[in-house]
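Reproduced below: work38.pdb, with PDB, C-alpha atoms.
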```pdb
ATOM      1  CA  MET A   1    -187.033  33.760 220.607
ATOM      2  CA  TYR A   2    -190.184  34.584 218.642
ATOM      3  CA  ASN A   3    -190.028  34.940 214.883
ATOM      4  CA  LYS A   4    -193.125  35.959 212.963
ATOM      5  CA  GLY A   5    -192.908  37.230 209.443
ATOM      6  CA  GLY A   6    -189.131  37.507 209.538
ATOM      7  CA  MET A   7    -189.149  39.837 212.534
ATOM      8  CA  SER A   8    -187.181  38.577 215.461
ATOM      9  CA  LYS A   9    -188.259  39.500 218.990
ATOM     10  CA  LYS A  10    -186.820  38.411 222.294
ATOM     11  CA  VAL A  11    -189.199  37.414 225.026
ATOM     12  CA  ILE A  12    -187.891  37.908 228.526
ATOM     13  CA  ILE A  13    -189.400  35.982 231.423
ATOM     14  CA  THR A  14    -188.433  35.799 235.051
ATOM     15  CA  GLU A  15    -186.853  32.741 236.612
ATOM     16  CA  LYS A  16    -190.063  32.189 238.592
ATOM     17  CA  GLN A  17    -192.120  32.230 235.381
ATOM     18  CA  LEU A  18    -189.698  29.755 233.777
ATOM     19  CA  GLU A  19    -189.954  27.411 236.770
ATOM     20  CA  ARG A  20    -193.746  27.600 236.594
ATOM     21  CA  MET A  21    -193.736  26.814 232.862
ATOM     22  CA  VAL A  22    -191.439  23.825 233.393
ATOM     23  CA  LYS A  23    -193.671  22.567 236.221
ATOM     24  CA  ILE A  24    -196.783  22.865 234.039
ATOM     25  CA  LEU A  25    -195.093  21.047 231.151
ATOM     26  CA  LYS A  26    -193.891  18.241 233.426
ATOM     27  CA  GLU A  27    -197.350  17.864 234.955
ATOM     28  CA  SER A  28    -198.970  17.719 231.530
ATOM     29  CA  ASP A  29    -196.579  14.903 230.532
ATOM     30  CA  GLN A  30    -197.416  12.926 233.680
ATOM     31  CA  ASP A  31    -201.155  13.408 233.501
ATOM     32  CA  GLY A  32    -201.539  11.393 230.304
ATOM     33  CA  SER A  33    -205.166  11.642 229.274
ATOM     34  CA  TYR A  34    -206.264  13.889 232.123
ATOM     35  CA  MET A  35    -208.330  16.064 229.790
ATOM     36  CA  ALA A  36    -210.044  13.067 228.211
ATOM     37  CA  LYS A  37    -210.903  11.678 231.632
ATOM     38  CA  GLN A  38    -212.244  15.053 232.738
ATOM     39  CA  GLN A  39    -214.280  15.372 229.528
ATOM     40  CA  LEU A  40    -215.720  11.866 229.964
ATOM     41  CA  PHE A  41    -216.772  12.760 233.510
ATOM     42  CA  THR A  42    -218.433  15.966 232.303
ATOM     43  CA  MET A  43    -220.227  14.127 229.501
ATOM     44  CA  ALA A  44    -221.421  11.358 231.823
ATOM     45  CA  THR A  45    -222.672  13.865 234.394
ATOM     46  CA  LEU A  46    -224.509  16.019 231.863
ATOM     47  CA  CYS A  47    -225.975  13.024 230.027
ATOM     48  CA  TYR A  48    -227.280  11.545 233.254
ATOM     49  CA  LYS A  49    -228.766  14.897 234.305
ATOM     50  CA  MET A  50    -230.543  15.295 230.967
ATOM     51  CA  TRP A  51    -231.763  11.684 231.127
ATOM     52  CA  GLU A  52    -233.232  12.401 234.583
ATOM     53  CA  LEU A  53    -234.936  15.606 233.428
ATOM     54  CA  MET A  54    -236.496  14.156 230.274
ATOM     55  CA  GLU A  55    -240.031  12.880 230.568
ATOM     56  CA  ASP A  56    -240.924   9.517 229.018
ATOM     57  CA  GLY A  57    -242.091  10.145 225.458
ATOM     58  CA  GLU A  58    -240.768  13.713 225.441
ATOM     59  CA  GLU A  59    -239.659  14.842 221.992
ATOM     60  CA  LEU A  60    -236.514  16.852 221.352
ATOM     61  CA  GLU A  61    -235.845  19.169 218.465
ATOM     62  CA  ASP A  62    -234.415  17.429 215.403
ATOM     63  CA  TRP A  63    -230.995  19.085 215.752
ATOM     64  CA  MET A  64    -230.760  17.882 219.366
ATOM     65  CA  GLU A  65    -231.556  14.294 218.398
ATOM     66  CA  THR A  66    -228.964  14.481 215.603
ATOM     67  CA  LYS A  67    -226.252  15.758 217.972
ATOM     68  CA  ILE A  68    -227.051  13.052 220.523
ATOM     69  CA  ALA A  69    -226.906  10.339 217.849
ATOM     70  CA  GLN A  70    -223.563  11.656 216.535
ATOM     71  CA  ALA A  71    -222.116  11.865 220.046
ATOM     72  CA  GLU A  72    -223.273   8.323 220.816
ATOM     73  CA  GLN A  73    -221.609   7.000 217.651
ATOM     74  CA  SER A  74    -218.379   8.845 218.426
ATOM     75  CA  VAL A  75    -218.194   7.670 222.028
ATOM     76  CA  THR A  76    -219.084   4.108 221.030
ATOM     77  CA  SER A  77    -216.239   4.068 218.484
ATOM     78  CA  VAL A  78    -213.735   5.313 221.058
ATOM     79  CA  VAL A  79    -214.864   2.845 223.734
ATOM     80  CA  LYS A  80    -214.766  -0.110 221.333
ATOM     81  CA  SER A  81    -211.251   0.808 220.203
ATOM     82  CA  TYR A  82    -210.070   1.373 223.784
ATOM     83  CA  MET A  83    -211.531  -1.939 224.946
ATOM     84  CA  TYR A  84    -210.032  -3.777 221.968
ATOM     85  CA  ASP A  85    -206.580  -2.295 222.675
ATOM     86  CA  GLU A  86    -206.869  -3.347 226.342
ATOM     87  CA  LEU A  87    -207.937  -6.873 225.380
ATOM     88  CA  GLU A  88    -205.240  -7.151 222.714
ATOM     89  CA  GLY A  89    -202.595  -6.159 225.283
ATOM     90  CA  LYS A  90    -203.775  -8.891 227.653
ATOM     91  CA  ILE A  91    -203.757 -11.492 224.886
ATOM     92  CA  LYS A  92    -200.229 -10.489 223.823
ATOM     93  CA  GLY A  93    -199.128 -10.956 227.418
ATOM     94  CA  ALA A  94    -200.421 -14.531 227.330
ATOM     95  CA  ASN A  95    -198.013 -15.337 224.473
ATOM     96  CA  ASP A  96    -195.101 -14.851 226.868
ATOM     97  CA  ILE A  97    -196.176 -17.759 229.101
ATOM     98  CA  ASP A  98    -193.851 -20.763 229.120
ATOM     99  CA  PHE A  99    -196.277 -23.648 229.523
ATOM    100  CA  ASN A 100    -193.415 -25.966 230.523
ATOM    101  CA  GLU A 101    -192.915 -23.898 233.688
ATOM    102  CA  LEU A 102    -196.624 -23.674 234.503
ATOM    103  CA  ILE A 103    -197.581 -25.503 237.700
ATOM    104  CA  ILE A 104    -201.219 -26.441 238.143
ATOM    105  CA  GLY A 105    -202.275 -27.607 241.583
ATOM    106  CA  ARG A 106    -199.919 -29.193 244.134
TER     107      ARG A 106
END
```
Here is the file; what I need is its structure written in the form of structure tokens.
Amino acid sequence: MYNKGGMSKKVIITEKQLERMVKILKESDQDGSYMAKQQLFTMATLCYKMWELMEDGEELEDWMETKIAQAEQSVTSVVKSYMYDELEGKIKGANDIDFNELIIGR
């Protein structure tokens, strides 16, 4: 039921539409960071293409250089955080090792 500004309206959908909506919602839950992965691929592809097209010593407009610098800082922050979280997870896993049960060699 949709309620905007105190007005109540019923929205009727078919069973097929409901099944499709449920399927889409389930897929979006399973995909995790699908959009982020897709965006990273797009960024990497476009960045590489621009890098290939640029001549050595070629100057860009100031606003372009600013946007590139901001994007680089943003991506660097995300990658550092992601890598730290991955490393921290591996280190936490090492705390669960019982060194008394560890067998080295034969």
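Going from CA of Gln38 (chain A) over to CA of Val75 (chain A), you cover 14.3 Å.
Residue nearest Ala36 (chain A) within the list A:Asp62, A:Val78, A:Val22, A:Ile12: A:Val78 [criterion: smallest interatomic distance, only C-alpha atoms].
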**Message:** As an exercise, work out the distance from CA of Glu72 (chain A) to CA of Gln39 (chain A) in Å and give it to one decimal place.
**Reply:** 14.4 Å
**Request:** Enter the distance from CA of Thr66 (chain A) to CA of Met83 (chain A), in Å, rounded to one decimal.
**Result:**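 Going from CA of Thr66 (chain A) over to CA of Met83 (chain A) covers 25.7 Å.
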**Asked** Using all atoms listed in the file, which of A:Ile13, A:Leu60, A:Ala71, A:Met54 sits nearest Leu40 (chain A)?
**Response** A:Ala71
